[in-house]
Amino acid sequence: MTEKTSPATKGRRIHLIDAARGMALIAMAIYHFVWDLDFFGYVSPGLSTRGGWAIFAHLDAASFLFLAGYSLWMAHGASLRPRSFLKRLAILAAASLAITAVSFFATPNAIIYFGILHIIAVASVIGLLFRKVPAVVTLVIAALALLAPHLMRFDALDPRYLAWIGMAAHPYPSSDYVPLLPWIAPFLAGFAASKLTLSWLRRQKQLPAQENPLTFLGRHSLIFYLVHQPVLYGLVYAATLVAPPNPAPAYLSACQATCAQTDEADFCRSYCACTLEALEQEGLLAPLMQNRTGDEDAVALGRIAMSCSIR
């Protein structure tokens, strides 16, 4: 028999959930700052998308979605409040469209057509379908959703208007690609976990005992999410005006990656080092990396490439 909770206990905010959401937001801000440094060339090219930072980003996104699923059951599981749900959904949809629009101008080669807010909006609708589904069944479906895109992919799902499903063979690049599969898995896992633990959690002492900056962030997660990246991006961009990053590492990385497609590694290292030195001497490195070279530079670039290839 399930122990009943008083109305006051049932309706109170749970500081632990708010604090966990706050920590996930701080982790997200840290990752986005590293991404900005990568984008503007202050760190090793591709640092934010490989190794430990890639794992960090995936774990943080999963925790954020888990908490979103947990919160959906908290707010609407036992008793759906249509007006409140639709209001929140409309805000998420508007914020998602705004992010897509901004990314169209900020990162036109990697438009955010289905990012974390997009999936939270869609998963929230799907989550309501699981209100009457047993938690164990929901967890099984979450596991299947996690595995599905690793087992099956289809060329027909490559276009952006279908790639959001998550089973595209060659999805378009994006600065924040969080497709439905497999990323609805942590959302459904959080939804099921909330079903199983929420009644127990409400009966426990508040942890932390008092409101603090983390719980404040957790209670205002959408505002923080929408504001933090433009602020961080703007700060790093401002830094490029005062102390521009050294473009040499990015050039070497791009040069060697391109060269390695047709030539041996030893030749590529020698060729790229040679062209880098020549480009720096003639003041063409920065214009080349910023796509600001014109027809008048073509002769010099051709000469550099030729002389370095025959050394």
# chains A, B, ... in the order shown; residues from 1 in each chain; ligands from 1
$ select_by_dssp --residues "stretch 76-264 of chain A" --states "alpha helix (DSSP H)" --output "MDAnalysis selection string"
chainID A and resid 76 82:106 116:128 135:151 160:163 180:202 213:219 221:242 248:259
$ closest_residue --among "A:Glu211, A:Asp36, A:Asp18, A:Asp266" --to "A:Val236" --atoms "only C-alpha atoms"
A:Asp36
$ residues_around --residues "A:Ile126" --least-positions-apart "6" --cutoff "12 Å" --atoms "only C-alpha atoms" --output "list in words"
Gly69, Leu72, Leu89, Ile119, Ile120, Thr138, Leu180, Ile184, Ala185, Phe187, Leu188 and Phe191 of chain A
$ residues_around --residues "A:Phe130" --least-positions-apart "6" --cutoff "12 Å" --atoms "only C-alpha atoms" --output "list of chain:residue names"
A:Gly69, A:Leu72, A:Trp73, A:His76, A:Gly77, A:Ala78, A:Ala123, A:Ser124, A:Val136, A:Val137, A:Thr138, A:Leu139, A:Ile141, A:Ala142, A:Phe187, A:Leu188, A:Ala189, A:Gly190, A:Phe191, A:Ala192, A:Lys195
